[in-house]
Structures are given as structure tokens and as C-alpha cells.
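A short write-up of the structure that comes next.
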Amino acid sequence: MKKSPLLYTAFIIVFTFLLGPFLVILIASFSGDASMAFPPKGFSVQWFQKVLDVRMFRDAFWTSLQLAVASTLTALVLGTPVAYALVRFKFRGQNVVEILFSLPAIVPELVLGFGLLQYFALRMNMPIFPGLYFGHTAILFPYAVRVVSTSLRNFDPAIEEAAISLGASRLKSFLLVVMPNLRAAFLAAFILAFITSFNNVSVSLFLTGPGVATLPIQMLAYMEMYFDPTIAALSSIIIVITFAIVQTAERAFGISQHI
Amino acid sequence: MSFLELNNLQVGYEKDSSVLNDFHLTVEKGELVSLLGPSGCGKTTTLRTIAGFIEPTRGQVLINARDYTRTPPNKRNIGLVFQSYALFPHLSIFENVAFGLRMRRVNTSDTKKRVAAALAMVDLTGYENRLPAQLSGGQRQRVALARAVVIEPDLLLLDEPLSNLDAKLRVGMRAELHRLQRQLGLTAVYVTHDQVEAMSLSDRVLVMNKGKIEQEGKPEEIFYRPATPFVARFMGFDNQFAGRVKNIGDNQVEIEAGTCRLIARPHFIPDVRVGDPVDVLFRPEVAQLARAPGDNAIPGEIVFRTFQGSTGEYLVRCALGEFTVALAETSPSFTPGAIHVVVAPENLIVEKP
């Protein structure tokens, strides 16, 4: 096939825009200089060392990790039966329910965050971590429902009925037959939701408070005071880890077809 | 009392015509009954109601004199075979067949024996460790069959089980299915839209249309004596024209249609009187073509001819309508032009419109 120069140029431009920022950050994080600059002066790994040394990053990382795991699992556990009901049963008001459950994905996150702040923190006087947990569960829930229901829709209902006709209860047929075949979809939903929670700023911004911060919020706070390449180093770590997780899952299960 | 009885069954609400209304069905032990009809006629709904996936709004489902109407599908001892095979993709062939036995808590050694016997029955010994994806369509459907019969079901339900197979395989599977059903003495209900399949497999055929039974009987009866125009068309009486009863004689009806006078001597004469309007039908294979006019000949013109392998099909335009005539390839071919469609009186059937 003959390469079209126009197409080739467009390809380069798009990739530069998509990957350029990552490259800049990656290069800047090895800077030898104490202030963020591009191109960097000198070479060092001191900023990576500093990321690991700064206590607030370590704390925020654990908070984010716990928050992401807990809210993702909750969203999946709650979202799966909802997805199942939406796909397998027909009932009155189904459309309304479907829209209702996707609302957190449609409403701007800032509005949602503000609403949750009003409700959890000010009205109910809820501690910070539970507030974050409920808030994140709410934004992840639609993702869980969507990914699980998409793959359920592609799963032949006759297979489930075969299991039932052979003596399995509906629950047993779900656990023994449907679940094992939706493993990749669950993993895709988990990774998608996990990353969404881990990277979330807008909702966390309203719900964090003294003593408890998620990693992105901590990074924002750090940047307001310091402008050294620590943030670049931390970003690089996050990019590499995210990329590694997604790649591994893609190789093992082909998760991209479920998203 | 029959082995399976559906009494006065109603599914869904009366305004919806695709569901069942006041539906009756009986199946004797060891009998294979086909539900034959176009899609949306209610045949699959009937099957799913017997299986327990659809709860009827009224009526009863009796199996072996026990009322199963409100019994959930997993508590009925029914084997199901689906069009899509519906094997469990993540389980080996052995585990697929063993599934029903595991649900019944059959012990390990009995499970092994029964699965081996079931796989031997469908000629798949040695495939135990494969996954469904590694098998061909025909093999998969045989696994599905083994999985359904290994639990020794009271009833075997088959939902278009051969529709996903290619034509050649279908004939082989049909024979195998027939042999198995007879050999095991299984009581079976078979859903299909293919009249050849229904004819060759069934002890009894029910032709369904819009949630009602149009006709019920032995395959030969339905094939030669369709009771309604709908059944006739479904049985391959593709040619139809309207006429009027001119005279009724001994075992025969004289019909006037346009300028034609035709004698019909069908297996079955409906309750008609002189002067009544009727529909007259015949199959493409029984008609002949003739250049010269004669008895029971309808004048027309050949529009075109299509080659169909063992037959040649002619489309003939007559004043009464367009007819298809299928002639054996060995018979002389006709060039387009004026022609007569000749149908023997025995091959014409008369229906009330």
C-alpha cells in the first residue's frame, strides 16, 4: 500500500498531541534542575527518590488505593444485579431506571461533588473517608452497570436457560455459568472504574478535608506551593503503572472489547 | 390421560395476537409431536411455557398427571435442546454433559458412567476434554443432546435444533435424532418452521398460526389433506386461485374460475354449496404444461424459467393469477409463449376462503 503523505502527517500530528504531554513529563522527571523546565538541564533520579520520601504522597497514595479498590468493588457488587435486571427482565419504567442509573455519568462531576458535599459533609456530618467512598461509588456505579450489561447483552440467554433446565437455580446458573464467562468483562469494568476513581479530581476536591487527601488532590496542593519536578516524577510513575496494568490485562483477557 | 397435557392455556393478554389463547395440547408417552409454523406463531412460546420459562396467565401444564403450572423451570425434569446449542463455553465436553448430574448430586462414579454412556450414544467418545469451541456445529448439537438426555428427563423439548446446521448435516442429524428418540422412548416436543423436518420426524404435527392450532394430525394427513388455506400454503401448495362452486358430485367438485371449468377430486371436500366462493390450491410439482388445450387446463403464458438443479421452474401468468410449475429436468423444456397449466383433479384441493 502506498503511504499518503497527508495521512502520514495527520498521523504524526495526532500522536504528538496525544503522547507529547506524556513524553514531556517523562523527560522532565529526570531533570537535574530544581525547577520544572523543558528541555531539562542535567540528569538525575533524585525526584523519584523524593516522591518516595515525601510522607504526604505515601499517605495519599494509600488513601487513593484503598478508596479506588473499595469503591470499585462496591460499584461492581451493586452494579452487577442492576445490569442483570436491566438486560434480562422487561419491566415497566425500565427506561427511567436506566437513565436514573446513568445519571452520575451525565451530571457534571463538579455539580455532583458539590451536591455530595452538601449532603454528606454538611447535612450528615459524615467523616471524610466514608464521604469519599460513597462519592466515588456513585460515580463508578454507571461504569460498572454499563460494562457488565454490555457483555451480558452479548451472552446468549439460552446458555443460562440450559443451566436452569438442568436443575440450577437462577443464582447458581449466574455463579456457575454466567460469571465465569464474563470474567474478562468484570476485569475490564474493574480496571476502568479503578482508574476513574484513582484519577478523579472534581468529586474528590469537594469531599477531601483536613488530614485525608487522595493522590491527585495532594498533587494539586503540592503544586500550589512547590514547582519542582517531583510532580513530574510522580506522574511518570502513575503513567507507567497504569500502562502496565492495562497492557497486562489486555494481553491476558482482551479487555478492550468490553469497554 | 396423556403424558403431557396443556389445558386451556393462556399466555399474555388477549389483545396480543402472537401469544396463546385457550390452547390445548396432549402428547402421549414416547410420542414425538412437532409444533410447525412461521416465526411469531406461538410455537416457541408454547415450548417455553412447558419448560417453565413463561408462566401462563391461565390454564394448566400437566406432566405425568402432576400439575407443573407453578413449578419453577429448575424443578421440572425436562431436557432442552436449543437452536444455538447453548453449551457452556468455559466447561469441557465432559463437564457440559455432567452439569445436570452435578445439580442432582449424583455421585462421582455414577456421573462418570452416565456421561460416558451419553457421549457414546451420540458417537463422541474421546471428546471429553475438549472445549465446545473446538467442536463443529454438528458435534456441538450432539453434545447438547447428550447433555439433555443424560438426566433421563421426563420430557425432551427441542427448539429448532437443526436450523443452525448446513443442509447436508441437517439430514444426518435428523436421522440420528429420530433414532435416539425411538431408542430411548423419549416423549418429545419439537419446534420447527421446516415442514420437511416436521414430516420426517414426527408422530404427530400441529400446524400453528397466530397462537392457535390450525390443524393437528399425522404427517401424511397434514401433507395431503390440509384443512385450511394457511396449512395448505405451508405444506407447499404455493399456487392458489379463487373460484366458485358450479356443481357438487360424488367425491368431486366442479369449479368455475374465470373462463375455466375445472374438476377437483381432493382427499377432503369442505362443507360447501353450489354458488359458494372457494380457494383452489395445487403444488408446483404436480402441475404439467401443455401446448394444446384440454381437460383441467388453465390457459396462460410462460413468463420465464429458472433452472433449479433437478427441476426447472416455470412462472406462468394466467388470467387467474401467476402460477409456479416445477417440471423434472428430464421433461422437454418449453420456450416462452402461450401455454396451458394442467392439473389432475386429484391434485387440486378446495378450501373455504
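So you can find residues: chains in the C-alpha cells are A, B, ... in the order shown, residues in each start at 1, and ligands are numbered from 1 in order.
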Chain A residues near chain B (10 Å cut-off, only C-alpha atoms) as number ranges by chain: A: 156-170, 172, 176-178, 180-181
Going by DSSP on the backbone, which bits of range 48-119 of chain B are strand (DSSP E or B)? Write them as a list in words, please. Arg58, Gly59, Gln60, Val61, Leu62, Ile63, Arg66, Asp67, Ile78, Gly79, Leu80 and Val81 of chain B
Near Phe101 in chain A, within 10 Å and counting only C-alpha atoms, which residues show up once chain neighbours fewer than 6 positions away are dropped, as a list in words?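 With the cut-off at 10 Å, the set is Gly79, Val82, Ala83, Asn95, Ala138, Phe141, Pro142, Tyr143, Val145 and Arg146 of chain A.
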Dump as a Markdown table the rows for residues of range 143-201 of chain B within 12 Å of range 227-245 of chain B: closest atom pair and distance in Å with one decimal, only C-alpha atoms counted, ordered by chain and rising residue number.
| residue | atom | partner | partner_atom | distance |
| --- | --- | --- | --- | --- |
| B:His193 | CA | B:Phe234 | CA | 9.3 |
| B:Asp194 | CA | B:Phe234 | CA | 9.2 |
| B:Gln195 | CA | B:Met235 | CA | 6.7 |
| B:Val196 | CA | B:Met235 | CA | 8.9 |
| B:Glu197 | CA | B:Met235 | CA | 11.8 |
| B:Ala198 | CA | B:Met235 | CA | 10.7 |
| B:Met199 | CA | B:Met235 | CA | 9.8 |
Taking only C-alpha atoms into account, name the residue in A:Ile13, A:Ala85, A:Trp47, A:Ser4 that is nearest to Ser236 in chain A. A:Trp47
Which of these residues is nearest to Ser34 in chain B, using only C-alpha atoms: B:Thr49, B:Thr306, B:Gln215, B:Asn129?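 Closest residue, counting only C-alpha atoms: B:Gln215.
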Enter the distance from CA of Asn7 in chain B to CA of Phe23 in chain B, in Å, rounded to one decimal.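 Taking CA of Asn7 in chain B as the start and CA of Phe23 in chain B as the end point, the length is 6.6 Å.
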